[in-house]
Every structure is written in structure tokens, then in C-alpha cells.
>>> print(open('my_file_21.pdb').read())   # PDB, C-alpha atoms and all ligand atoms
ATOM      1  CA  MET Q1401     -17.644 -36.790-151.491  1.00  0.00           C
ATOM      2  CA  ASN Q1402     -15.917 -34.834-154.192  1.00  0.00           C
ATOM      3  CA  GLU Q1403     -17.090 -36.141-157.563  1.00  0.00           C
ATOM      4  CA  ASP Q1404     -13.613 -35.807-159.035  1.00  0.00           C
ATOM      5  CA  SER Q1405     -12.017 -38.126-156.527  1.00  0.00           C
ATOM      6  CA  SER Q1406     -12.452 -41.528-154.968  1.00  0.00           C
ATOM      7  CA  VAL Q1407     -10.991 -42.885-151.769  1.00  0.00           C
ATOM      8  CA  LYS Q1408      -8.123 -45.222-152.539  1.00  0.00           C
ATOM      9  CA  THR Q1409      -8.027 -48.420-150.537  1.00  0.00           C
ATOM     10  CA  LEU Q1410      -4.462 -49.442-149.759  1.00  0.00           C
ATOM     11  CA  LYS Q1411      -3.526 -53.086-150.103  1.00  0.00           C
ATOM     12  CA  LYS Q1412      -1.428 -54.666-147.342  1.00  0.00           C
ATOM     13  CA  ASN Q1413       1.763 -54.872-149.457  1.00  0.00           C
ATOM     14  CA  GLU Q1414       1.380 -51.186-150.440  1.00  0.00           C
ATOM     15  CA  VAL Q1415       1.165 -50.209-146.764  1.00  0.00           C
ATOM     16  CA  ARG Q1416       4.389 -52.100-146.027  1.00  0.00           C
ATOM     17  CA  SER Q1417       6.447 -50.529-148.825  1.00  0.00           C
ATOM     18  CA  PRO Q1418       9.044 -47.910-147.742  1.00  0.00           C
ATOM     19  CA  VAL Q1419       8.158 -44.253-148.298  1.00  0.00           C
ATOM     20  CA  CYS Q1420      10.712 -41.459-148.709  1.00  0.00           C
ATOM     21  CA  VAL Q1421      10.218 -38.856-145.960  1.00  0.00           C
ATOM     22  CA  GLY Q1422      13.005 -36.450-146.908  1.00  0.00           C
ATOM     23  CA  ARG Q1423      16.673 -35.886-147.565  1.00  0.00           C
ATOM     24  CA  GLU Q1424      19.100 -37.269-144.981  1.00  0.00           C
ATOM     25  CA  ASP Q1425      20.988 -33.959-144.678  1.00  0.00           C
ATOM     26  CA  ASP Q1426      17.802 -31.936-144.162  1.00  0.00           C
ATOM     27  CA  ILE Q1427      16.431 -34.212-141.424  1.00  0.00           C
ATOM     28  CA  LYS Q1428      19.816 -34.319-139.672  1.00  0.00           C
ATOM     29  CA  LYS Q1429      19.845 -30.527-139.667  1.00  0.00           C
ATOM     30  CA  GLN Q1430      16.208 -30.121-138.508  1.00  0.00           C
ATOM     31  CA  ARG Q1431      16.502 -33.037-136.039  1.00  0.00           C
ATOM     32  CA  ARG Q1432      12.895 -34.039-136.767  1.00  0.00           C
ATOM     33  CA  THR Q1433      10.250 -34.099-139.425  1.00  0.00           C
ATOM     34  CA  THR Q1434       6.709 -35.319-139.892  1.00  0.00           C
ATOM     35  CA  ALA Q1435       5.382 -37.197-142.866  1.00  0.00           C
ATOM     36  CA  THR Q1436       2.384 -39.123-144.058  1.00  0.00           C
ATOM     37  CA  VAL Q1437       3.499 -42.667-144.742  1.00  0.00           C
ATOM     38  CA  HIS Q1438       0.705 -44.192-146.777  1.00  0.00           C
ATOM     39  CA  ASP Q1439      -2.216 -42.964-144.643  1.00  0.00           C
ATOM     40  CA  ARG Q1440      -0.394 -42.741-141.305  1.00  0.00           C
ATOM     41  CA  GLU Q1441       1.016 -39.626-139.622  1.00  0.00           C
ATOM     42  CA  VAL Q1442       4.599 -40.393-138.554  1.00  0.00           C
ATOM     43  CA  VAL Q1443       7.315 -38.380-136.826  1.00  0.00           C
ATOM     44  CA  VAL Q1444      10.977 -39.024-137.608  1.00  0.00           C
ATOM     45  CA  PHE Q1445      13.627 -37.932-135.110  1.00  0.00           C
ATOM     46  CA  TYR Q1446      17.378 -37.699-135.583  1.00  0.00           C
ATOM     47  CA  HIS Q1447      19.018 -38.010-132.174  1.00  0.00           C
ATOM     48  CA  ASP Q1448      22.615 -38.869-131.229  1.00  0.00           C
ATOM     49  CA  GLY Q1449      23.460 -40.139-134.696  1.00  0.00           C
ATOM     50  CA  LYS Q1450      20.371 -42.338-135.140  1.00  0.00           C
ATOM     51  CA  PHE Q1451      17.001 -42.046-136.856  1.00  0.00           C
ATOM     52  CA  TYR Q1452      13.769 -43.110-135.135  1.00  0.00           C
ATOM     53  CA  ALA Q1453      10.201 -43.171-136.424  1.00  0.00           C
ATOM     54  CA  LEU Q1454       7.020 -43.365-134.353  1.00  0.00           C
ATOM     55  CA  ASP Q1455       3.328 -42.670-134.720  1.00  0.00           C
ATOM     56  CA  CYS Q1456       3.057 -38.898-134.483  1.00  0.00           C
ATOM     57  CA  ARG Q1457       0.115 -38.814-132.047  1.00  0.00           C
ATOM     58  CA  CYS Q1458       0.743 -39.778-128.412  1.00  0.00           C
ATOM     59  CA  TYR Q1459      -0.948 -42.959-127.209  1.00  0.00           C
ATOM     60  CA  HIS Q1460      -2.379 -41.176-124.135  1.00  0.00           C
ATOM     61  CA  ALA Q1461      -4.665 -38.569-125.707  1.00  0.00           C
ATOM     62  CA  GLY Q1462      -3.271 -37.820-129.162  1.00  0.00           C
ATOM     63  CA  GLY Q1463      -0.683 -35.174-128.216  1.00  0.00           C
ATOM     64  CA  PRO Q1464       1.675 -33.989-131.001  1.00  0.00           C
ATOM     65  CA  LEU Q1465       4.930 -35.838-130.282  1.00  0.00           C
ATOM     66  CA  HIS Q1466       6.782 -33.874-132.981  1.00  0.00           C
ATOM     67  CA  GLN Q1467       6.542 -30.847-130.652  1.00  0.00           C
ATOM     68  CA  GLY Q1468       8.046 -32.658-127.649  1.00  0.00           C
ATOM     69  CA  GLU Q1469      11.547 -32.572-126.204  1.00  0.00           C
ATOM     70  CA  ILE Q1470      13.915 -35.537-126.222  1.00  0.00           C
ATOM     71  CA  GLU Q1471      15.516 -36.589-122.929  1.00  0.00           C
ATOM     72  CA  ASP Q1472      17.689 -39.521-122.009  1.00  0.00           C
ATOM     73  CA  ILE Q1473      16.032 -41.539-119.246  1.00  0.00           C
ATOM     74  CA  ASN Q1474      17.848 -44.540-117.809  1.00  0.00           C
ATOM     75  CA  GLY Q1475      20.187 -44.441-120.807  1.00  0.00           C
ATOM     76  CA  GLN Q1476      17.299 -44.544-123.287  1.00  0.00           C
ATOM     77  CA  PRO Q1477      16.348 -41.646-125.561  1.00  0.00           C
ATOM     78  CA  CYS Q1478      12.710 -40.703-124.886  1.00  0.00           C
ATOM     79  CA  ILE Q1479      10.269 -38.227-126.359  1.00  0.00           C
ATOM     80  CA  ILE Q1480       8.387 -36.226-123.744  1.00  0.00           C
ATOM     81  CA  CYS Q1481       4.854 -35.546-124.917  1.00  0.00           C
ATOM     82  CA  PRO Q1482       4.166 -31.785-124.757  1.00  0.00           C
ATOM     83  CA  TRP Q1483       0.591 -32.254-123.487  1.00  0.00           C
ATOM     84  CA  HIS Q1484       0.887 -34.283-120.251  1.00  0.00           C
ATOM     85  CA  LYS Q1485       4.615 -35.105-120.192  1.00  0.00           C
ATOM     86  CA  TYR Q1486       4.331 -38.854-120.761  1.00  0.00           C
ATOM     87  CA  LYS Q1487       7.714 -40.381-121.557  1.00  0.00           C
ATOM     88  CA  ILE Q1488       8.050 -42.729-124.523  1.00  0.00           C
ATOM     89  CA  THR Q1489      11.229 -44.530-125.581  1.00  0.00           C
ATOM     90  CA  LEU Q1490      12.243 -43.767-129.153  1.00  0.00           C
ATOM     91  CA  THR Q1491      13.625 -47.251-129.782  1.00  0.00           C
ATOM     92  CA  THR Q1492      10.732 -49.434-128.616  1.00  0.00           C
ATOM     93  CA  GLY Q1493       7.761 -47.105-128.025  1.00  0.00           C
ATOM     94  CA  GLU Q1494       7.502 -48.153-124.367  1.00  0.00           C
ATOM     95  CA  GLY Q1495       5.748 -45.828-121.946  1.00  0.00           C
ATOM     96  CA  LEU Q1496       7.889 -45.138-118.869  1.00  0.00           C
ATOM     97  CA  TYR Q1497       6.804 -44.142-115.385  1.00  0.00           C
ATOM     98  CA  GLN Q1498       8.455 -43.719-112.009  1.00  0.00           C
ATOM     99  CA  ALA Q1499       7.447 -45.996-109.183  1.00  0.00           C
ATOM    100  CA  ILE Q1500       8.353 -46.673-105.582  1.00  0.00           C
ATOM    101  CA  ASN Q1501       8.163 -50.185-104.220  1.00  0.00           C
ATOM    102  CA  PRO Q1502       6.642 -49.739-100.728  1.00  0.00           C
ATOM    103  CA  ARG Q1503       8.334 -52.951 -99.586  1.00  0.00           C
ATOM    104  CA  GLU Q1504      11.819 -51.603-100.343  1.00  0.00           C
ATOM    105  CA  PRO Q1505      13.595 -49.508 -97.724  1.00  0.00           C
ATOM    106  CA  SER Q1506      14.745 -46.960-100.341  1.00  0.00           C
ATOM    107  CA  SER Q1507      12.161 -44.336-101.229  1.00  0.00           C
ATOM    108  CA  THR Q1508      13.925 -43.389-104.458  1.00  0.00           C
ATOM    109  CA  PRO Q1509      11.548 -43.841-107.406  1.00  0.00           C
ATOM    110  CA  LYS Q1510      12.741 -46.117-110.206  1.00  0.00           C
ATOM    111  CA  TRP Q1511      11.834 -46.010-113.875  1.00  0.00           C
ATOM    112  CA  GLN Q1512       9.509 -48.797-114.958  1.00  0.00           C
ATOM    113  CA  SER Q1513       7.966 -49.749-118.295  1.00  0.00           C
ATOM    114  CA  LYS Q1514       4.235 -49.835-118.992  1.00  0.00           C
ATOM    115  CA  GLY Q1515       4.996 -51.933-122.087  1.00  0.00           C
ATOM    116  CA  VAL Q1516       4.900 -50.894-125.729  1.00  0.00           C
ATOM    117  CA  LYS Q1517       2.348 -48.099-126.094  1.00  0.00           C
ATOM    118  CA  GLN Q1518       3.522 -46.184-129.157  1.00  0.00           C
ATOM    119  CA  ARG Q1519       3.988 -47.886-132.517  1.00  0.00           C
ATOM    120  CA  THR Q1520       7.522 -47.500-133.891  1.00  0.00           C
ATOM    121  CA  HIS Q1521       8.447 -47.863-137.537  1.00  0.00           C
ATOM    122  CA  ARG Q1522      11.585 -48.854-139.449  1.00  0.00           C
ATOM    123  CA  VAL Q1523      13.886 -46.165-140.830  1.00  0.00           C
ATOM    124  CA  THR Q1524      16.380 -46.803-143.611  1.00  0.00           C
ATOM    125  CA  VAL Q1525      18.727 -44.476-145.450  1.00  0.00           C
ATOM    126  CA  ASP Q1526      19.552 -44.984-149.105  1.00  0.00           C
ATOM    127  CA  SER Q1527      21.471 -42.656-151.443  1.00  0.00           C
ATOM    128  CA  GLY Q1528      21.006 -39.666-149.154  1.00  0.00           C
ATOM    129  CA  LYS Q1529      17.275 -40.167-148.683  1.00  0.00           C
ATOM    130  CA  VAL Q1530      15.418 -41.347-145.576  1.00  0.00           C
ATOM    131  CA  TYR Q1531      12.668 -43.962-145.879  1.00  0.00           C
ATOM    132  CA  VAL Q1532      10.079 -45.161-143.380  1.00  0.00           C
ATOM    133  CA  THR Q1533       8.515 -48.608-143.528  1.00  0.00           C
ATOM    134  CA  LEU Q1534       5.412 -48.978-141.375  1.00  0.00           C
ATOM    135  CA  SER Q1535       5.522 -51.508-138.558  1.00  0.00           C
ATOM    136  CA  ASP Q1536       4.160 -54.918-139.539  1.00  0.00           C
ATOM    137  CA  ILE Q1537       3.258 -55.978-135.989  1.00  0.00           C
ATOM    138  CA  ASP Q1538      -0.377 -57.046-136.180  1.00  0.00           C
ATOM    139  CA  ASP Q1539      -1.016 -56.689-132.418  1.00  0.00           C
ATOM    140  CA  ASN Q1540      -3.073 -53.694-131.428  1.00  0.00           C
ATOM    141  CA  ILE Q1541      -0.879 -50.969-129.927  1.00  0.00           C
ATOM    142  CA  ASP Q1542      -2.390 -48.087-127.956  1.00  0.00           C
ATOM    143  CA  SER Q1543      -1.230 -45.381-130.395  1.00  0.00           C
ATOM    144  CA  ASP Q1544      -3.203 -47.094-133.205  1.00  0.00           C
ATOM    145  CA  TYR Q1545      -6.372 -45.455-131.851  1.00  0.00           C
ATOM    146  CA  TYR Q1546      -5.067 -41.916-132.502  1.00  0.00           C
ATOM    147  CA  ALA Q1547      -3.303 -42.959-135.713  1.00  0.00           C
ATOM    148  CA  LYS Q1548      -6.731 -43.962-137.042  1.00  0.00           C
ATOM    149  CA  MET Q1549      -8.401 -40.810-135.686  1.00  0.00           C
ATOM    150  CA  TYR Q1550      -5.848 -38.572-137.441  1.00  0.00           C
ATOM    151  CA  LYS Q1551      -5.627 -40.813-140.490  1.00  0.00           C
ATOM    152  CA  LYS Q1552      -5.098 -39.029-143.783  1.00  0.00           C
ATOM    153  CA  THR Q1553      -7.584 -40.005-146.428  1.00  0.00           C
ATOM    154  CA  ILE Q1554      -5.926 -40.471-149.766  1.00  0.00           C
ATOM    155  CA  HIS Q1555      -7.947 -39.184-152.674  1.00  0.00           C
ATOM    156  CA  THR Q1556      -7.014 -40.037-156.208  1.00  0.00           C
ATOM    157  CA  PRO Q1557      -8.466 -38.491-159.367  1.00  0.00           C
ATOM    158  CA  LYS Q1558     -11.418 -40.468-160.701  1.00  0.00           C
ATOM    159  CA  GLU Q1559     -10.630 -42.313-163.893  1.00  0.00           C
ATOM    160  CA  LYS Q1560     -12.787 -41.316-166.866  1.00  0.00           C
TER
HETATM  161 FE1  LIG L   1       0.602 -37.227-124.549  1.00  0.00          FE
HETATM  162 FE2  LIG L   1      -1.256 -36.895-122.710  1.00  0.00          FE
HETATM  163  S1  LIG L   1      -1.456 -36.687-124.834  1.00  0.00           S
HETATM  164  S2  LIG L   1       0.817 -37.290-122.446  1.00  0.00           S
END
>>> encode(input="my_file_21.pdb", output="C-alpha cells", more="lines below")
Ligand code: FES
Amino acid sequence: MNEDSSVKTLKKNEVRSPVCVGREDDIKKQRRTTATVHDREVVVFYHDGKFYALDCRCYHAGGPLHQGEIEDINGQPCIICPWHKYKITLTTGEGLYQAINPREPSSTPKWQSKGVKQRTHRVTVDSGKVYVTLSDIDDNIDSDYYAKMYKKTIHTPKEK
């Protein structure tokens, strides 16, 4: 460990405080940005007039969601992971897949949900700045594994 720094341990209320991730105009123009919110890597998308924030690393194998394309699937905006093309809803973080019910006469696949797989976070806009507040759901969500793996360690100067 660097002698001039110590690892800062974040308290629960610090982790839940909103963090500014950029200017509203800039993010609207770029359509997406990444940021470290406390110690968590987050991607913020601007799509069809709305902001969305999710864990940046895909729940499947840690793919970089900020490099994916957005598609509307079943009327829901989804990020398509660039690594293995998993589809994740921007609003809820659900993983989607196509399935055929062998008992139904139609062989057309239908979109189904695997449940919430990717942690989503709250986005607010205030005075032209965009803020992300980390999700306060205590349940374990699949993307937590890669969020921890890619966790940013915060070093602060050692007090003398
Ligand atoms: Fe995202 Fe595999 S890492 S689909």
C-alpha cells in the first residue's frame, strides 16, 4: 500500500448520497457517460428523453455495457451487451430472452424476463447537472458480482 494514502471506508449514508456525473447538456449530446459513483462503476444513458443508470458491467460476464447499442424490445428500451448480446431493460435491469412454448401451436418466439439481473440506480437532474443515487435494494443482484470485481478503491491522503 502506498504510504501516503489509506483506503477510505464508505459509510452506508455516504454510499446513498447523490453524486454529480456531469452536465445535463453534455450527457444529452453524448447520449451516454460512465462515472464512478462512490466506489461503483455506473453507466448513464440518455434515450428518448429519459435518463437511466445501471451498473456498468454486464451481469453475465462483466461486459462493458457503455459500449452496447440500445434497442427497443417489446416497447422497452434495452441495452444490448457488446460481448454476448444479452438484452437488459434500462428501466428495471431485467434480462430478456426469447422462448417458444412447445405446448402452443404458434412457433413464434416470445420475449420473456429472467428477472432483475442488472442493478439500476436513480437519476435526478438539478440546475443543469445530472446526479446518480445508488440503488438501496439490499437483495443480491447478479451484476453486484462484477460491480465488486471492478470496484474502484478510493484512496485519500493520509492525515499527518
Ligand atoms: Fe454481457 Fe456476456 S458479458 S452478454
>>> closest_residue(input="my_file_21.pdb", among="Q:Arg1522, Q:Arg1416, Q:Lys1487, Q:Arg1431", to="His1460 in chain Q", atoms="only C-alpha atoms")
Q:Lys1487
>>> closest_residue(input="my_file_21.pdb", among="Q:His1438, Q:His1466, Q:Lys1428, Q:Arg1423", to="ligand LIG 1 (chain L)", atoms="all atoms listed in the file")
Q:His1466
>>> resolve_selection(input="my_file_21.pdb", expression="the PyMOL selection byres (((not hetatm)) within 8 of (chain L and resi 1))", output="list in words")
Arg1457, Cys1458, Tyr1459, His1460, Ala1461, Gly1462, Gly1463, Pro1464, Leu1465, Ile1480, Cys1481, Pro1482, Trp1483, His1484, Lys1485, Tyr1486 and Lys1487 of chain Q
>>> atom_distance(input="my_file_21.pdb", atom1="CA of Glu1504 in chain Q", atom2="CA of Asn1474 in chain Q")
19.8 Å
>>> resolve_selection(input="my_file_21.pdb", expression="the PyMOL selection byres (((chain Q and resi 1544) around 10) and not hetatm)", output="compact mmCIF listing (two decimals) with C-alpha atoms, in the frame of the given file")
# COMPACT_ATOMS: atom_id res chain seq x y z
CA ARG Q 1440 -0.39 -42.74 -141.30
CA ASP Q 1455 3.33 -42.67 -134.72
CA ARG Q 1457 0.12 -38.81 -132.05
CA CYS Q 1458 0.74 -39.78 -128.41
CA TYR Q 1459 -0.95 -42.96 -127.21
CA LYS Q 1517 2.35 -48.10 -126.09
CA GLN Q 1518 3.52 -46.18 -129.16
CA ARG Q 1519 3.99 -47.89 -132.52
CA ASP Q 1539 -1.02 -56.69 -132.42
CA ASN Q 1540 -3.07 -53.69 -131.43
CA ILE Q 1541 -0.88 -50.97 -129.93
CA ASP Q 1542 -2.39 -48.09 -127.96
CA SER Q 1543 -1.23 -45.38 -130.40
CA TYR Q 1545 -6.37 -45.46 -131.85
CA TYR Q 1546 -5.07 -41.92 -132.50
CA ALA Q 1547 -3.30 -42.96 -135.71
CA LYS Q 1548 -6.73 -43.96 -137.04
CA MET Q 1549 -8.40 -40.81 -135.69
CA TYR Q 1550 -5.85 -38.57 -137.44
CA LYS Q 1551 -5.63 -40.81 -140.49
>>> atom_distance(input="my_file_21.pdb", atom1="CA of Asn1501 in chain Q", atom2="CA of Gly1468 in chain Q")
29.3 Å
